[in-house]
$ cat entry25.txt   # compact mmCIF, C-alpha atoms
# COMPACT_ATOMS: atom_id res chain seq x y z
CA MET S 1385 0.00 0.00 0.00
CA THR S 1386 1.19 3.49 -0.74
CA VAL S 1387 1.55 6.28 1.77
CA ALA S 1388 -1.11 8.29 -0.03
CA SER S 1389 -3.84 5.69 0.53
CA TYR S 1390 -3.24 5.81 4.28
CA LEU S 1391 -3.27 9.58 4.22
CA PHE S 1392 -6.55 9.56 2.25
CA VAL S 1393 -8.19 7.39 4.89
CA ALA S 1394 -6.83 9.61 7.65
CA ALA S 1395 -8.10 12.74 5.87
CA CYS S 1396 -11.58 11.19 5.57
CA LEU S 1397 -11.56 10.26 9.25
CA PHE S 1398 -10.42 13.76 10.18
CA GLY S 1399 -13.19 15.30 8.05
CA ILE S 1400 -15.85 13.10 9.64
CA GLY S 1401 -14.58 14.05 13.09
CA LEU S 1402 -14.55 17.74 12.22
CA TYR S 1403 -18.12 17.55 10.94
CA GLY S 1404 -19.22 15.85 14.14
CA LEU S 1405 -17.41 18.37 16.32
CA LEU S 1406 -19.13 21.25 14.56
CA GLN S 1407 -22.57 19.72 14.16
CA ARG S 1408 -23.30 17.83 17.39
CA ARG S 1409 -24.64 19.61 20.44
CA SER S 1410 -24.02 17.05 23.15
CA LEU S 1411 -20.65 17.41 24.84
CA VAL S 1412 -20.09 13.63 24.86
CA ALA S 1413 -20.72 13.44 21.11
CA MET S 1414 -18.26 16.30 20.57
CA LEU S 1415 -15.65 14.41 22.62
CA ILE S 1416 -16.21 11.33 20.44
CA ALA S 1417 -15.64 13.43 17.31
CA LEU S 1418 -12.48 14.90 18.83
CA GLU S 1419 -11.10 11.43 19.56
CA LEU S 1420 -11.79 10.43 15.94
CA MET S 1421 -9.70 13.39 14.76
CA LEU S 1422 -6.86 12.40 17.11
CA ALA S 1423 -6.97 8.84 15.75
CA ALA S 1424 -6.65 10.24 12.23
CA VAL S 1425 -3.54 12.13 13.31
CA SER S 1426 -2.11 8.92 14.77
CA ILE S 1427 -2.70 7.08 11.49
CA ASN S 1428 -0.86 9.86 9.64
CA VAL S 1429 2.14 9.77 11.96
CA VAL S 1430 2.50 5.99 11.94
CA ALA S 1431 1.97 5.67 8.17
CA LEU S 1432 4.49 8.38 7.36
CA THR S 1433 7.21 7.08 9.65
CA THR S 1434 6.67 3.44 8.62
CA LEU S 1435 6.28 3.82 4.86
CA ALA S 1436 8.08 7.05 4.00
CA GLY S 1437 10.61 7.29 6.81
CA ARG S 1438 13.48 5.15 7.95
CA ASP S 1439 12.48 4.33 11.50
CA GLY S 1440 9.05 2.94 12.33
CA SER S 1441 9.58 2.88 16.07
CA LEU S 1442 9.76 6.69 16.17
CA GLY S 1443 6.20 6.92 14.87
CA GLN S 1444 5.09 4.40 17.47
CA VAL S 1445 6.60 6.53 20.23
CA VAL S 1446 4.74 9.61 18.99
CA ALA S 1447 1.48 7.68 18.58
CA LEU S 1448 1.75 6.21 22.07
CA ILE S 1449 2.30 9.68 23.54
CA LEU S 1450 -0.80 10.82 21.61
CA VAL S 1451 -2.80 7.94 23.09
CA GLY S 1452 -1.68 8.90 26.59
CA VAL S 1453 -2.63 12.54 26.14
CA ALA S 1454 -5.97 11.59 24.60
CA ALA S 1455 -6.77 9.27 27.48
CA ALA S 1456 -5.96 11.97 30.04
CA GLU S 1457 -8.06 14.45 28.08
CA ALA S 1458 -11.01 12.05 27.93
CA ALA S 1459 -10.85 11.42 31.70
CA ILE S 1460 -10.84 15.14 32.50
CA ALA S 1461 -13.52 15.95 29.92
CA LEU S 1462 -15.93 13.23 31.05
CA SER S 1463 -15.61 14.25 34.71
CA LEU S 1464 -16.22 17.86 33.68
CA PHE S 1465 -19.36 16.78 31.83
CA VAL S 1466 -20.66 15.08 34.96
CA ALA S 1467 -19.89 18.17 37.04
CA ILE S 1468 -21.49 20.49 34.48
CA HIS S 1469 -24.58 18.32 34.36
CA ARG S 1470 -24.82 18.40 38.14
CA ALA S 1471 -24.62 22.19 38.18
CA ARG S 1472 -26.66 23.08 35.10
CA HIS S 1473 -28.73 19.94 34.44
CA THR S 1474 -27.76 19.93 30.79
CA ILE S 1475 -24.75 19.06 28.65
CA ASP S 1476 -26.14 20.76 25.57
CA VAL S 1477 -23.53 23.27 24.42
CA GLU S 1478 -26.10 25.77 23.21
CA GLN S 1479 -27.55 26.07 26.69
CA LEU S 1480 -24.14 26.56 28.33
CA SER S 1481 -23.88 30.19 27.29
CA GLU S 1482 -23.22 32.06 30.53
CA LEU S 1483 -19.99 33.51 29.16
CA THR S 1484 -21.58 34.86 25.97
CA GLY S 1485 -20.96 38.59 25.78
CA MET U 253 -6.40 -6.44 1.95
CA VAL U 254 -6.13 -5.95 5.69
CA PHE U 255 -5.78 -2.26 5.02
CA ALA U 256 -8.87 -1.97 2.82
CA GLY U 257 -11.08 -3.91 5.20
CA SER U 258 -9.99 -2.13 8.36
CA ALA U 259 -10.13 1.28 6.69
CA ALA U 260 -13.71 0.58 5.60
CA ILE U 261 -14.58 -0.51 9.14
CA ALA U 262 -12.96 2.63 10.58
CA LEU U 263 -14.80 5.00 8.25
CA PHE U 264 -18.12 3.19 8.69
CA GLY U 265 -17.75 3.31 12.46
CA ALA U 266 -16.84 6.98 12.32
CA LEU U 267 -19.97 7.71 10.29
CA LEU U 268 -22.05 5.84 12.86
CA ALA U 269 -20.32 7.71 15.69
CA VAL U 270 -21.12 11.08 14.15
CA GLY U 271 -24.37 10.57 12.28
CA LEU U 272 -26.69 8.65 14.57
CA LYS U 273 -29.04 10.38 17.01
CA ASN U 274 -28.79 8.04 19.99
CA ILE U 275 -25.68 8.75 22.05
CA PHE U 276 -25.24 5.07 22.95
CA HIS U 277 -25.16 4.18 19.27
CA ASN U 278 -22.58 6.92 18.80
CA ILE U 279 -20.36 5.34 21.44
CA LEU U 280 -20.71 1.90 19.86
CA GLY U 281 -19.82 3.38 16.47
CA PHE U 282 -16.81 5.04 18.10
CA ALA U 283 -15.65 1.67 19.45
CA LEU U 284 -16.08 0.15 15.98
CA ALA U 285 -14.09 2.99 14.41
CA MET U 286 -11.27 2.47 16.90
CA LEU U 287 -11.21 -1.26 16.10
CA GLY U 288 -10.85 -0.28 12.43
CA VAL U 289 -8.02 2.11 13.25
CA ALA U 290 -6.30 -0.69 15.17
CA GLY U 291 -6.65 -2.83 12.03
CA VAL U 292 -5.01 -0.06 10.00
CA PHE U 293 -2.09 -0.13 12.44
CA LEU U 294 -1.91 -3.91 12.06
CA SER U 295 -1.59 -3.48 8.31
CA LEU U 296 1.32 -1.12 9.03
CA GLY U 297 3.08 -3.78 11.08
CA SER U 298 2.50 -1.97 14.38
CA ASP U 299 1.06 -4.81 16.42
CA PHE U 300 1.75 -3.29 19.80
CA LEU U 301 0.15 0.03 18.89
CA ALA U 302 -2.94 -1.78 17.60
CA ALA U 303 -3.26 -3.63 20.91
CA VAL U 304 -2.86 -0.36 22.82
CA PHE U 305 -5.60 1.26 20.74
CA VAL U 306 -8.02 -1.58 21.43
CA LEU U 307 -7.18 -1.56 25.14
CA VAL U 308 -7.32 2.18 25.67
CA TYR U 309 -10.09 3.31 23.35
CA VAL U 310 -12.42 0.33 23.10
CA GLY U 311 -11.70 -0.91 26.60
CA ALA U 312 -11.34 2.27 28.63
CA VAL U 313 -12.48 5.44 26.90
CA ALA U 314 -15.68 3.99 25.45
CA ILE U 315 -16.64 2.50 28.81
CA ALA U 316 -15.91 5.79 30.55
CA MET U 317 -18.12 7.53 28.00
CA VAL U 318 -20.95 5.11 28.74
CA TYR U 319 -20.57 5.89 32.44
CA ALA U 320 -20.61 9.62 31.78
CA VAL U 321 -23.71 9.28 29.62
CA MET U 322 -25.50 7.26 32.28
CA LEU U 323 -24.59 9.85 34.91
CA SER U 324 -25.29 12.95 32.93
CA TYR U 325 -27.13 12.60 29.68
CA PRO U 326 -30.65 14.01 29.89
CA LEU U 327 -32.38 11.12 28.17
CA ASP U 328 -35.73 12.22 29.55
CA LEU U 329 -35.54 15.67 28.02
CA PRO U 330 -36.62 16.19 24.41
CA GLN U 331 -33.68 16.93 22.14
CA ARG U 332 -34.04 20.04 20.09
CA ARG U 333 -32.88 19.66 16.53
CA ARG U 334 -30.03 21.77 15.25
CA SER U 335 -31.06 24.14 12.50
CA VAL U 336 -30.42 23.13 8.91
CA PRO U 337 -28.11 26.08 8.03
CA LYS U 338 -25.80 25.16 10.91
CA ILE U 339 -25.64 21.52 9.80
CA ALA U 340 -24.99 22.64 6.22
CA ALA U 341 -22.24 25.01 7.34
CA ALA U 342 -20.58 22.27 9.40
CA ALA U 343 -20.72 19.83 6.49
CA LEU U 344 -19.37 22.44 4.10
CA LEU U 345 -16.43 23.33 6.34
CA ALA U 346 -15.59 19.66 6.96
CA ALA U 347 -15.79 18.96 3.21
CA ILE U 348 -13.50 21.90 2.44
CA VAL U 349 -10.90 20.78 4.99
CA THR U 350 -11.03 17.18 3.75
CA GLY U 351 -10.78 18.31 0.13
CA VAL U 352 -7.75 20.50 0.84
CA LEU U 353 -6.07 17.61 2.68
CA TRP U 354 -6.77 15.31 -0.30
CA LEU U 355 -5.33 17.87 -2.71
CA VAL U 356 -2.16 18.25 -0.64
CA VAL U 357 -1.73 14.48 -0.40
CA ARG U 358 -2.32 14.08 -4.13
CA ARG U 359 0.15 16.79 -5.11
CA ALA U 360 2.98 15.75 -2.81
CA PRO U 361 5.74 13.60 -4.35
CA TRP U 362 5.65 10.42 -2.28
CA PRO U 363 8.40 7.85 -2.49
CA PRO U 364 7.45 4.62 -4.28
CA PRO U 365 5.99 1.91 -2.03
CA LEU U 366 8.56 -0.40 -0.53
CA GLY U 367 6.23 -3.39 -0.40
CA ALA U 368 4.78 -4.65 2.85
CA PRO U 369 6.14 -2.69 5.82
CA ASP U 370 8.38 -4.51 8.23
CA ASP U 371 7.03 -5.31 11.65
CA VAL U 372 8.07 -2.74 14.19
CA ALA U 373 9.28 -4.58 17.25
CA ALA U 374 7.71 -3.51 20.50
CA ALA U 375 11.10 -4.00 22.16
CA GLN U 376 12.56 -1.30 19.93
CA THR U 377 9.75 1.09 20.85
CA GLY U 378 10.28 0.38 24.53
CA TYR U 379 14.02 0.92 24.17
CA ARG U 380 13.36 4.31 22.61
CA PHE U 381 10.95 5.24 25.37
CA LEU U 382 13.56 4.52 28.03
CA THR U 383 16.49 6.19 26.28
CA ASP U 384 15.82 9.05 23.87
CA TYR U 385 12.27 9.84 24.96
CA VAL U 386 12.48 9.14 28.66
CA LEU U 387 11.41 12.69 29.53
CA ALA U 388 8.25 12.38 27.43
CA PHE U 389 7.61 9.00 29.05
CA GLU U 390 7.86 10.43 32.56
CA LEU U 391 5.77 13.46 31.62
CA ILE U 392 3.02 11.18 30.33
CA SER U 393 2.94 9.29 33.60
CA VAL U 394 2.76 12.53 35.58
CA LEU U 395 0.03 13.81 33.24
CA LEU U 396 -2.01 10.65 33.70
CA VAL U 397 -1.75 10.82 37.49
CA VAL U 398 -2.74 14.50 37.51
CA ALA U 399 -5.63 13.84 35.11
CA MET U 400 -6.90 10.97 37.25
CA MET U 401 -6.74 12.99 40.46
CA GLY U 402 -8.28 15.99 38.74
CA ALA U 403 -11.10 13.87 37.34
CA VAL U 404 -11.91 12.56 40.82
CA MET U 405 -11.76 16.05 42.32
CA VAL U 406 -13.97 17.61 39.65
CA ALA U 407 -16.57 14.86 39.50
CA ARG U 408 -17.04 14.14 43.19
CA ARG U 409 -19.89 15.65 45.09
CA THR U 410 -19.07 18.40 47.51
CA ARG U 411 -19.91 17.59 51.11
CA GLU U 412 -22.18 20.55 51.71
CA GLY U 413 -25.42 20.32 49.80
CA GLY U 414 -24.32 18.09 46.96
CA SER U 415 -25.11 20.67 44.33
CA GLY U 416 -21.55 20.63 43.07
CA ARG U 417 -21.04 24.37 43.40
$ encode --input "entry25.txt" --output "structure tokens"
Amino acid sequence: MTVASYLFVAACLFGIGLYGLLQRRSLVAMLIALELMLAAVSINVVALTTLAGRDGSLGQVVALILVGVAAAEAAIALSLFVAIHRARHTIDVEQLSELTG
Amino acid sequence: MVFAGSAAIALFGALLAVGLKNIFHNILGFALAMLGVAGVFLSLGSDFLAAVFVLVYVGAVAIAMVYAVMLSYPLDLPQRRRSVPKIAAAALLAAIVTGVLWLVVRRAPWPPPLGAPDDVAAAQTGYRFLTDYVLAFELISVLLVVAMMGAVMVARRTREGGSGR
């Protein structure tokens, strides 16, 4: 397989995630879309270092760091959603507009 | 062959994760998409990374999302629909970004394919983590500890009142 086919798939995944992030209103659904975009980035990094670079293990290191950061982000975000729901009784982003000027 | 199948699974799961109305179906589609991404990594010879993706995303993040939905999602409230112009604008922007990425990928001069990629040994990755990238490795562990403690602190009920404020 060529590098470009992997990058095409990653671009499609990134586009789907971006559409979901912009279109959904539930915070959990937006987090799902964000994780899809991060997975697309991981595919790009691993495909480029494995197929177009010299050292595949470097891409694995970067992708594993990405997984760690994404897991930490998901833990914080989900606990924030629970706290927001307890305070405001909604996790709909269009109703969380206290800071709108 | 592995690549085509797992890429199709990943994109199909991503469409389910974004397009469906029910949030539980979204989470299941997300798990399917992550399985497909793990298959893409398998086709790249990155066995260890594929296993990590299945463990972390399908095993941990998706389950945590289900917990958060059960604790917070207002299933009893009627969901208002998002207006059509906003959906159209989101789809347009996503299509533009994807199209630009495709154009860049198509224009770039890629090296010819080298055949099937070699398997990347997990031992080599671990060696790199403990030599060249040991600082990043330690920072990730600190970040995970801080995130875990922060998640507990944010999500727990306060003693007085229980309103969370």
$ residues_around --input "entry25.txt" --residues "S:Leu1420" --least-positions-apart "6" --cutoff "10 Å" --atoms "all atoms listed in the file" --output "compact mmCIF listing (two decimals) with C-alpha atoms, in the frame of the given file"
# COMPACT_ATOMS: atom_id res chain seq x y z
CA ALA S 1394 -6.83 9.61 7.65
CA LEU S 1397 -11.56 10.26 9.25
CA PHE S 1398 -10.42 13.76 10.18
CA GLY S 1399 -13.19 15.30 8.05
CA ILE S 1400 -15.85 13.10 9.64
CA GLY S 1401 -14.58 14.05 13.09
CA LEU S 1402 -14.55 17.74 12.22
CA GLY S 1404 -19.22 15.85 14.14
CA LEU S 1405 -17.41 18.37 16.32
CA MET S 1414 -18.26 16.30 20.57
CA SER S 1426 -2.11 8.92 14.77
CA ALA U 262 -12.96 2.63 10.58
CA LEU U 263 -14.80 5.00 8.25
CA GLY U 265 -17.75 3.31 12.46
CA ALA U 266 -16.84 6.98 12.32
CA ALA U 269 -20.32 7.71 15.69
CA VAL U 270 -21.12 11.08 14.15
CA PHE U 282 -16.81 5.04 18.10
CA ALA U 285 -14.09 2.99 14.41
CA MET U 286 -11.27 2.47 16.90
CA VAL U 289 -8.02 2.11 13.25
$ interface_residues --input "entry25.txt" --of "chain U" --to "chain S" --cutoff "7 Å" --atoms "all atoms listed in the file" --output "ChimeraX atom specification"
/U:259,263,266-267,270,275,282,296,301,313,317,320,323-326,339,342-343,346-347,349-350,353-354,357,363,365,369,372,376-377,381,392,396,399-400,402-403,406-407,415-417
$ atom_distance --input "entry25.txt" --atom1 "atom CA of U:Ala290" --atom2 "atom CA of U:Phe389"
21.9 Å
$ atom_distance --input "entry25.txt" --atom1 "atom CA of U:Asp299" --atom2 "atom CA of U:Ala314"
21.0 Å
$ atom_distance --input "entry25.txt" --atom1 "atom CA of U:Tyr379" --atom2 "atom CA of U:Gly297"
17.7 Å
$ residues_around --input "entry25.txt" --residues "U:Ala303" --least-positions-apart "3" --cutoff "10 Å" --atoms "only C-alpha atoms" --output "list in words"
Leu287, Ala290, Gly291, Phe293, Leu294, Ser298, Asp299, Phe300, Val306, Leu307 and Val308 of chain U
$ write_last_selection --input "entry25.txt" --atoms "C-alpha atoms" --output "PDB file, in the coordinates of the input"
ATOM      1  CA  LEU U 287     -11.210  -1.260  16.100  1.00  0.00           C
ATOM      2  CA  ALA U 290      -6.300  -0.690  15.170  1.00  0.00           C
ATOM      3  CA  GLY U 291      -6.650  -2.830  12.030  1.00  0.00           C
ATOM      4  CA  PHE U 293      -2.090  -0.130  12.440  1.00  0.00           C
ATOM      5  CA  LEU U 294      -1.910  -3.910  12.060  1.00  0.00           C
ATOM      6  CA  SER U 298       2.500  -1.970  14.380  1.00  0.00           C
ATOM      7  CA  ASP U 299       1.060  -4.810  16.420  1.00  0.00           C
ATOM      8  CA  PHE U 300       1.750  -3.290  19.800  1.00  0.00           C
ATOM      9  CA  VAL U 306      -8.020  -1.580  21.430  1.00  0.00           C
ATOM     10  CA  LEU U 307      -7.180  -1.560  25.140  1.00  0.00           C
ATOM     11  CA  VAL U 308      -7.320   2.180  25.670  1.00  0.00           C
TER      12      VAL U 308
END
$ build_atoms --input "entry25.txt" --residues "stretch 267-278 of chain U" --atoms "all heavy atoms" --output "short mmCIF file (atom, residue, chain, number, x, y, z; two decimals), in the coordinates of the input"
data_model
loop_
_atom_site.label_atom_id
_atom_site.label_comp_id
_atom_site.auth_asym_id
_atom_site.auth_seq_id
_atom_site.Cartn_x
_atom_site.Cartn_y
_atom_site.Cartn_z
N LEU U 267 -18.69 7.16 10.73
CA LEU U 267 -19.97 7.71 10.29
C LEU U 267 -21.08 7.40 11.30
O LEU U 267 -21.91 8.26 11.60
CB LEU U 267 -20.33 7.14 8.91
CG LEU U 267 -19.55 7.72 7.75
CD1 LEU U 267 -19.93 7.03 6.46
CD2 LEU U 267 -19.81 9.21 7.63
N LEU U 268 -21.06 6.18 11.84
CA LEU U 268 -22.05 5.84 12.86
C LEU U 268 -21.85 6.73 14.09
O LEU U 268 -22.82 7.20 14.70
CB LEU U 268 -21.91 4.37 13.28
CG LEU U 268 -22.31 3.29 12.28
CD1 LEU U 268 -22.24 1.94 12.95
CD2 LEU U 268 -23.70 3.54 11.75
N ALA U 269 -20.60 6.95 14.47
CA ALA U 269 -20.32 7.71 15.69
C ALA U 269 -20.75 9.16 15.55
O ALA U 269 -21.04 9.82 16.55
CB ALA U 269 -18.83 7.64 16.01
N VAL U 270 -20.79 9.67 14.34
CA VAL U 270 -21.12 11.08 14.15
C VAL U 270 -22.58 11.25 13.73
O VAL U 270 -23.25 12.18 14.16
CB VAL U 270 -20.17 11.69 13.11
CG1 VAL U 270 -20.68 13.01 12.62
CG2 VAL U 270 -18.80 11.86 13.72
N GLY U 271 -23.09 10.32 12.92
CA GLY U 271 -24.37 10.57 12.28
C GLY U 271 -25.60 10.17 13.07
O GLY U 271 -26.66 10.77 12.89
N LEU U 272 -25.49 9.15 13.93
CA LEU U 272 -26.69 8.65 14.57
C LEU U 272 -27.17 9.59 15.68
O LEU U 272 -26.41 10.38 16.20
CB LEU U 272 -26.42 7.26 15.16
CG LEU U 272 -26.13 6.17 14.12
CD1 LEU U 272 -25.90 4.85 14.79
CD2 LEU U 272 -27.27 6.07 13.14
N LYS U 273 -28.46 9.48 16.01
CA LYS U 273 -29.04 10.38 17.01
C LYS U 273 -28.76 9.91 18.43
O LYS U 273 -28.44 10.70 19.30
CB LYS U 273 -30.56 10.46 16.80
CG LYS U 273 -30.95 11.33 15.65
CD LYS U 273 -30.97 12.78 16.07
CE LYS U 273 -31.11 13.68 14.87
NZ LYS U 273 -30.09 14.70 14.82
N ASN U 274 -28.91 8.59 18.64
CA ASN U 274 -28.79 8.04 19.99
C ASN U 274 -27.33 8.05 20.43
O ASN U 274 -26.45 7.56 19.71
CB ASN U 274 -29.34 6.62 20.00
CG ASN U 274 -29.46 6.06 21.40
OD1 ASN U 274 -28.67 6.38 22.27
ND2 ASN U 274 -30.45 5.23 21.61
N ILE U 275 -27.07 8.59 21.61
CA ILE U 275 -25.68 8.75 22.05
C ILE U 275 -25.03 7.40 22.32
O ILE U 275 -23.83 7.22 22.12
CB ILE U 275 -25.63 9.67 23.28
CG1 ILE U 275 -24.19 10.06 23.61
CG2 ILE U 275 -26.26 9.04 24.48
CD1 ILE U 275 -23.62 11.03 22.66
N PHE U 276 -25.82 6.40 22.73
CA PHE U 276 -25.24 5.07 22.95
C PHE U 276 -24.78 4.47 21.62
O PHE U 276 -23.72 3.85 21.55
CB PHE U 276 -26.24 4.15 23.63
CG PHE U 276 -26.30 4.34 25.10
CD1 PHE U 276 -27.40 4.92 25.69
CD2 PHE U 276 -25.24 3.96 25.91
CE1 PHE U 276 -27.44 5.11 27.06
CE2 PHE U 276 -25.28 4.14 27.27
CZ PHE U 276 -26.38 4.72 27.86
N HIS U 277 -25.58 4.67 20.59
CA HIS U 277 -25.16 4.18 19.27
C HIS U 277 -23.90 4.90 18.81
O HIS U 277 -23.03 4.30 18.17
CB HIS U 277 -26.29 4.38 18.26
CG HIS U 277 -27.53 3.62 18.60
ND1 HIS U 277 -28.72 3.82 17.97
CD2 HIS U 277 -27.75 2.66 19.52
CE1 HIS U 277 -29.63 3.02 18.49
NE2 HIS U 277 -29.06 2.31 19.43
N ASN U 278 -23.80 6.19 19.14
CA ASN U 278 -22.58 6.92 18.80
C ASN U 278 -21.36 6.29 19.46
O ASN U 278 -20.31 6.13 18.83
CB ASN U 278 -22.69 8.38 19.27
CG ASN U 278 -23.69 9.17 18.47
OD1 ASN U 278 -24.33 10.05 18.98
ND2 ASN U 278 -23.84 8.83 17.19
#
